[in-house]
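S.K.: So that we are looking at the same thing, I have put the structure below in structure tokens.
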Amino acid sequence: MLPVLIFPQFDPVMVHVGPLAIRWYAMAYITALLVGWRLVRRLAGLSPRAATALQVDDFLTWATLGVVLGGRLGYILFYQPSLYLAHPMAVVEVWRGGMSFHGGALGVVVALALFSWRNKLSFLAFSDRVTVVVPIGLGLGRIANFINGELWGRPAPSGLPWAMVFPQAGPQPRHPSELYEALLEGLALFAMMWVMSRRQAIRERPGFLSGLFLFGYAVARSICECFREPDAFIGFLPFGTTMGQILCIPMAIAGAGLMLQAMRRPPRTLLMPVDTGSERP
């Protein structure tokens, strides 16, 4: 019989700065936003240019609000609406956890739509550049979930060498599904998006990269859900599906539709005027 790995009891607080506690989960969000911001600055300037560096800088605040507000509201509406109706003050207790990627995605879509309209940008073209870096946040967020010892996997078959016992989930070895998601939804999806974004022929078809991300994430998340323990307060849905898989269905349909429409339209070699004002270094 192979030895079983025991989940290391990580401290969810990364560092204390006086009375302030910086948690790994918060650091994952901060790192993803900062790294993503720098990469989008580079991507947005590639031909055909979708936005200026100054506009990307301004969008960082919009993206942050979209992720946080959308993620929190999405979790409340999709997963535990009755709990928050009974305890409305718990809505602001974000330090207790409770963020939904699907809600965060909707929040960022709203932010992208409003920002693009206000700045007279191509919504689809700008979204294409932003969605390329989203998997960075997904991967770092899942690593933070693992450090927190949460969102563990389903019971693993005997003999699985990387099966792990999560003390809060009982003595049974389980899949470290957080790491599966970090690899598939994070690293693999980012690699695919980055490679495709380097092709000018793809960038000239606004909406294709956005659709590829939506479809790719839906597939990756649906696969990972087969190894992840469903939330105890929801459990399995009809036909053995999970809430995460159900929420991925409209994403996959929307993604496929965006890619199809992008390939049907003629390529766009110019998205915005070359001279668009001053740029920050």
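Convention: chains lettered A, B, ... in structure tokens order; per-chain residue numbering from 1; ligands numbered from 1 as shown.
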What's around Glu185 of chain A at 8 Å? Count only C-alpha atoms, leave out sequence neighbours fewer than 2 positions away in its own chain, and write the answer as JSON, numbers by chain.
M.R.: {"A": [135, 138, 139, 181, 182, 183, 187, 188, 189, 190, 217, 220, 221]}
S.K.: Hey, can you spit out that residue selection with C-alpha atoms as a CSV table (one decimal), in the first residue's frame?
M.R.:
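Written out: again30.csv:
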```csv
chain,number,residue,atom,x,y,z
A,135,PRO,CA,-6.1,32.4,-16.7
A,138,LEU,CA,-7.5,31.5,-12.2
A,139,GLY,CA,-4.3,29.6,-11.7
A,181,GLU,CA,-7.7,23.4,-11.7
A,182,ALA,CA,-4.5,25.5,-11.4
A,183,LEU,CA,-2.9,23.4,-14.1
A,187,LEU,CA,-1.4,27.2,-16.9
A,188,ALA,CA,-2.8,25.2,-19.9
A,189,LEU,CA,-5.5,27.7,-20.7
A,190,PHE,CA,-3.1,30.7,-20.5
A,217,TYR,CA,-12.6,27.7,-19.6
A,220,ALA,CA,-11.5,22.9,-18.5
A,221,ARG,CA,-13.8,23.7,-15.5
```
S.K.: Which of segment 14-75 of chain A counts as strand (DSSP E) under DSSP, as a list of chain:residue names please?
M.R.: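 Taking segment 14-75 of chain A and keeping strand (DSSP E) only, one gets A:Met14, A:Val15, A:His16, A:Val17, A:Leu20, A:Ala21, A:Ile22, A:Arg23.
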S.K.: Could you take the residues named above and write them with N, CA and C atoms, as a PDB file, in the first residue's frame?
M.R.:
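The new file again-v7.pdb reads:
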```pdb
ATOM      1  N   MET A  14      -0.570  35.215   4.795  1.00  0.00           N
ATOM      2  CA  MET A  14       0.770  35.233   4.210  1.00  0.00           C
ATOM      3  C   MET A  14       1.745  35.991   5.098  1.00  0.00           C
ATOM      4  N   VAL A  15       1.340  37.161   5.561  1.00  0.00           N
ATOM      5  CA  VAL A  15       2.208  37.988   6.391  1.00  0.00           C
ATOM      6  C   VAL A  15       1.358  38.954   7.205  1.00  0.00           C
ATOM      7  N   HIS A  16       1.832  39.272   8.393  1.00  0.00           N
ATOM      8  CA  HIS A  16       1.193  40.281   9.232  1.00  0.00           C
ATOM      9  C   HIS A  16       2.016  41.569   9.163  1.00  0.00           C
ATOM     10  N   VAL A  17       1.349  42.666   8.876  1.00  0.00           N
ATOM     11  CA  VAL A  17       1.982  43.980   8.892  1.00  0.00           C
ATOM     12  C   VAL A  17       1.265  44.794   9.959  1.00  0.00           C
ATOM     13  N   LEU A  20      -2.553  44.552  10.340  1.00  0.00           N
ATOM     14  CA  LEU A  20      -3.059  44.136   9.029  1.00  0.00           C
ATOM     15  C   LEU A  20      -2.576  42.736   8.694  1.00  0.00           C
ATOM     16  N   ALA A  21      -3.518  41.878   8.295  1.00  0.00           N
ATOM     17  CA  ALA A  21      -3.181  40.512   7.883  1.00  0.00           C
ATOM     18  C   ALA A  21      -3.397  40.379   6.381  1.00  0.00           C
ATOM     19  N   ILE A  22      -2.330  40.076   5.648  1.00  0.00           N
ATOM     20  CA  ILE A  22      -2.423  39.886   4.198  1.00  0.00           C
ATOM     21  C   ILE A  22      -2.526  38.391   3.924  1.00  0.00           C
ATOM     22  N   ARG A  23      -3.644  37.981   3.381  1.00  0.00           N
ATOM     23  CA  ARG A  23      -3.899  36.563   3.141  1.00  0.00           C
ATOM     24  C   ARG A  23      -3.414  36.148   1.751  1.00  0.00           C
TER      25      ARG A  23
END
```
S.K.: Any idea what's packed within 12 Å of Leu260 of chain A, counting only C-alpha atoms, ignoring anything in its chain fewer than 2 positions away? Could you give it as a PyMOL selection string?
M.R.: chain A and resi 205-212+215+253-258+262-265
S.K.: If you measure from atom CA of Ile6 of chain A to atom CA of Pro167 of chain A, what distance in Å do you get, rounded to one decimal?
M.R.: 8.0 Å
S.K.: Residues of segment 159-255 of chain A in alpha helix (DSSP H) according to DSSP, as a VMD selection string?
M.R.: chain A and resid 177 to 181 189 to 197 200 to 203 208 to 225 243 to 255
S.K.: Mind writing the picked residues with N, CA and C atoms as a compact mmCIF listing (two decimals), in the first residue's frame?
M.R.:
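So the final result, stored in out_2.txt, reads:
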```
# COMPACT_ATOMS: atom_id res chain seq x y z
N SER A 177 -7.87 18.55 -6.08
CA SER A 177 -8.49 19.11 -7.29
C SER A 177 -8.14 20.58 -7.49
N GLU A 178 -7.76 21.29 -6.43
CA GLU A 178 -7.36 22.68 -6.60
C GLU A 178 -6.14 22.78 -7.52
N LEU A 179 -5.23 21.80 -7.38
CA LEU A 179 -4.03 21.80 -8.23
C LEU A 179 -4.37 21.39 -9.66
N TYR A 180 -5.33 20.49 -9.82
CA TYR A 180 -5.78 20.14 -11.17
C TYR A 180 -6.30 21.39 -11.88
N GLU A 181 -7.10 22.17 -11.14
CA GLU A 181 -7.68 23.38 -11.73
C GLU A 181 -6.61 24.42 -12.02
N LEU A 189 -4.63 26.79 -20.02
CA LEU A 189 -5.49 27.74 -20.73
C LEU A 189 -4.72 29.01 -21.08
N PHE A 190 -3.87 29.48 -20.17
CA PHE A 190 -3.07 30.67 -20.48
C PHE A 190 -2.11 30.40 -21.63
N ALA A 191 -1.47 29.23 -21.63
CA ALA A 191 -0.53 28.91 -22.71
C ALA A 191 -1.24 28.92 -24.06
N MET A 192 -2.44 28.33 -24.11
CA MET A 192 -3.19 28.32 -25.37
C MET A 192 -3.57 29.74 -25.79
N MET A 193 -4.07 30.54 -24.84
CA MET A 193 -4.49 31.90 -25.16
C MET A 193 -3.30 32.75 -25.61
N TRP A 194 -2.16 32.59 -24.94
CA TRP A 194 -0.99 33.39 -25.29
C TRP A 194 -0.48 33.06 -26.69
N VAL A 195 -0.42 31.77 -27.01
CA VAL A 195 0.05 31.36 -28.33
C VAL A 195 -0.88 31.91 -29.42
N MET A 196 -2.17 31.80 -29.21
CA MET A 196 -3.12 32.28 -30.21
C MET A 196 -3.09 33.80 -30.34
N SER A 197 -2.84 34.50 -29.23
CA SER A 197 -2.82 35.96 -29.28
C SER A 197 -1.62 36.50 -30.04
N GLN A 200 -1.32 37.53 -35.71
CA GLN A 200 -2.03 38.72 -36.13
C GLN A 200 -3.34 38.37 -36.82
N ALA A 201 -3.35 37.27 -37.57
CA ALA A 201 -4.58 36.88 -38.25
C ALA A 201 -5.72 36.63 -37.27
N ILE A 202 -5.39 36.17 -36.07
CA ILE A 202 -6.41 35.96 -35.02
C ILE A 202 -6.81 37.29 -34.41
N ARG A 203 -5.83 38.16 -34.15
CA ARG A 203 -6.14 39.47 -33.56
C ARG A 203 -7.00 40.32 -34.48
N PHE A 208 -12.76 36.52 -31.42
CA PHE A 208 -12.31 35.13 -31.48
C PHE A 208 -11.62 34.72 -30.18
N LEU A 209 -10.69 35.55 -29.71
CA LEU A 209 -9.96 35.20 -28.49
C LEU A 209 -10.89 35.17 -27.27
N SER A 210 -11.84 36.09 -27.23
CA SER A 210 -12.81 36.08 -26.13
C SER A 210 -13.62 34.80 -26.15
N GLY A 211 -14.06 34.41 -27.35
CA GLY A 211 -14.81 33.17 -27.48
C GLY A 211 -13.98 31.96 -27.14
N LEU A 212 -12.70 31.98 -27.54
CA LEU A 212 -11.82 30.86 -27.23
C LEU A 212 -11.64 30.72 -25.72
N PHE A 213 -11.51 31.85 -25.04
CA PHE A 213 -11.38 31.78 -23.58
C PHE A 213 -12.63 31.21 -22.94
N LEU A 214 -13.80 31.72 -23.32
CA LEU A 214 -15.04 31.24 -22.72
C LEU A 214 -15.21 29.74 -22.95
N PHE A 215 -14.98 29.31 -24.18
CA PHE A 215 -15.15 27.89 -24.49
C PHE A 215 -14.09 27.05 -23.78
N GLY A 216 -12.84 27.53 -23.82
CA GLY A 216 -11.75 26.78 -23.18
C GLY A 216 -11.94 26.65 -21.69
N TYR A 217 -12.36 27.74 -21.05
CA TYR A 217 -12.59 27.66 -19.61
C TYR A 217 -13.73 26.72 -19.28
N ALA A 218 -14.81 26.80 -20.06
CA ALA A 218 -15.96 25.93 -19.80
C ALA A 218 -15.57 24.46 -19.87
N VAL A 219 -14.76 24.10 -20.86
CA VAL A 219 -14.31 22.72 -21.00
C VAL A 219 -13.40 22.34 -19.84
N ALA A 220 -12.41 23.19 -19.53
CA ALA A 220 -11.46 22.89 -18.45
C ALA A 220 -12.17 22.78 -17.11
N ARG A 221 -13.06 23.70 -16.82
CA ARG A 221 -13.76 23.67 -15.53
C ARG A 221 -14.67 22.45 -15.43
N SER A 222 -15.34 22.10 -16.52
CA SER A 222 -16.22 20.94 -16.50
C SER A 222 -15.45 19.66 -16.23
N ILE A 223 -14.26 19.56 -16.81
CA ILE A 223 -13.42 18.38 -16.56
C ILE A 223 -12.99 18.35 -15.10
N CYS A 224 -12.51 19.47 -14.58
CA CYS A 224 -12.03 19.52 -13.20
C CYS A 224 -13.15 19.26 -12.20
N GLU A 225 -14.37 19.63 -12.55
CA GLU A 225 -15.50 19.40 -11.65
C GLU A 225 -15.73 17.90 -11.43
N MET A 243 -23.04 22.42 -9.88
CA MET A 243 -23.41 23.80 -10.23
C MET A 243 -22.35 24.41 -11.15
N GLY A 244 -21.06 24.11 -10.89
CA GLY A 244 -20.01 24.65 -11.75
C GLY A 244 -20.17 24.21 -13.20
N GLN A 245 -20.55 22.96 -13.42
CA GLN A 245 -20.75 22.47 -14.78
C GLN A 245 -21.97 23.11 -15.44
N ILE A 246 -23.03 23.29 -14.67
CA ILE A 246 -24.24 23.92 -15.22
C ILE A 246 -23.94 25.35 -15.67
N LEU A 247 -23.19 26.10 -14.85
CA LEU A 247 -22.86 27.48 -15.19
C LEU A 247 -21.91 27.57 -16.38
N CYS A 248 -21.21 26.48 -16.68
CA CYS A 248 -20.29 26.48 -17.82
C CYS A 248 -21.02 26.28 -19.16
N ILE A 249 -22.23 25.76 -19.12
CA ILE A 249 -22.95 25.52 -20.38
C ILE A 249 -23.17 26.79 -21.18
N PRO A 250 -23.76 27.86 -20.56
CA PRO A 250 -23.91 29.09 -21.36
C PRO A 250 -22.59 29.71 -21.77
N MET A 251 -21.54 29.51 -20.97
CA MET A 251 -20.23 30.03 -21.36
C MET A 251 -19.72 29.34 -22.62
N ALA A 252 -19.87 28.02 -22.67
CA ALA A 252 -19.41 27.27 -23.84
C ALA A 252 -20.20 27.67 -25.08
N ILE A 253 -21.50 27.84 -24.95
CA ILE A 253 -22.34 28.23 -26.09
C ILE A 253 -21.95 29.62 -26.57
N ALA A 254 -21.80 30.56 -25.63
CA ALA A 254 -21.41 31.92 -26.00
C ALA A 254 -20.03 31.94 -26.65
N GLY A 255 -19.10 31.15 -26.10
CA GLY A 255 -17.76 31.11 -26.67
C GLY A 255 -17.74 30.57 -28.08
```
S.K.: Pick out the closest residue to Val35 of chain A from this set: A:Pro8, A:Val130, A:Pro238, A:Leu65. Count only C-alpha atoms.
M.R.: A:Val130
S.K.: Using only C-alpha atoms, which residues sit within 10 Å of Pro157 of chain A once same-chain residues fewer than 3 positions away are excluded, as a ChimeraX atom specification?
M.R.: /A:154,160-161,163,173-175
S.K.: For the selection just defined, write its residues with C-alpha atoms to a file, as a compact mmCIF listing (two decimals), in the first residue's frame.
M.R.:
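Here's the written file result.txt:
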```txt
# COMPACT_ATOMS: atom_id res chain seq x y z
CA ARG A 154 -13.61 13.84 -4.33
CA LEU A 160 -3.26 7.12 -6.54
CA PRO A 161 0.23 8.34 -5.62
CA ALA A 163 -3.97 11.37 -3.23
CA PRO A 173 -7.61 10.35 0.66
CA ARG A 174 -8.89 12.76 -1.96
CA HIS A 175 -7.91 14.33 -5.27
```
S.K.: Between atom CA of Trp62 of chain A and atom CA of Leu114 of chain A, what is the distance in Å, rounded to a tenth?
M.R.: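 Separation between atom CA of Trp62 of chain A and atom CA of Leu114 of chain A: 9.2 Å.
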S.K.: If you measure from atom CA of Val132 of chain A to atom CA of Leu271 of chain A, what distance in Å do you get, rounded to one decimal?
M.R.: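 Atom CA of Val132 of chain A sits 18.1 Å away from atom CA of Leu271 of chain A.
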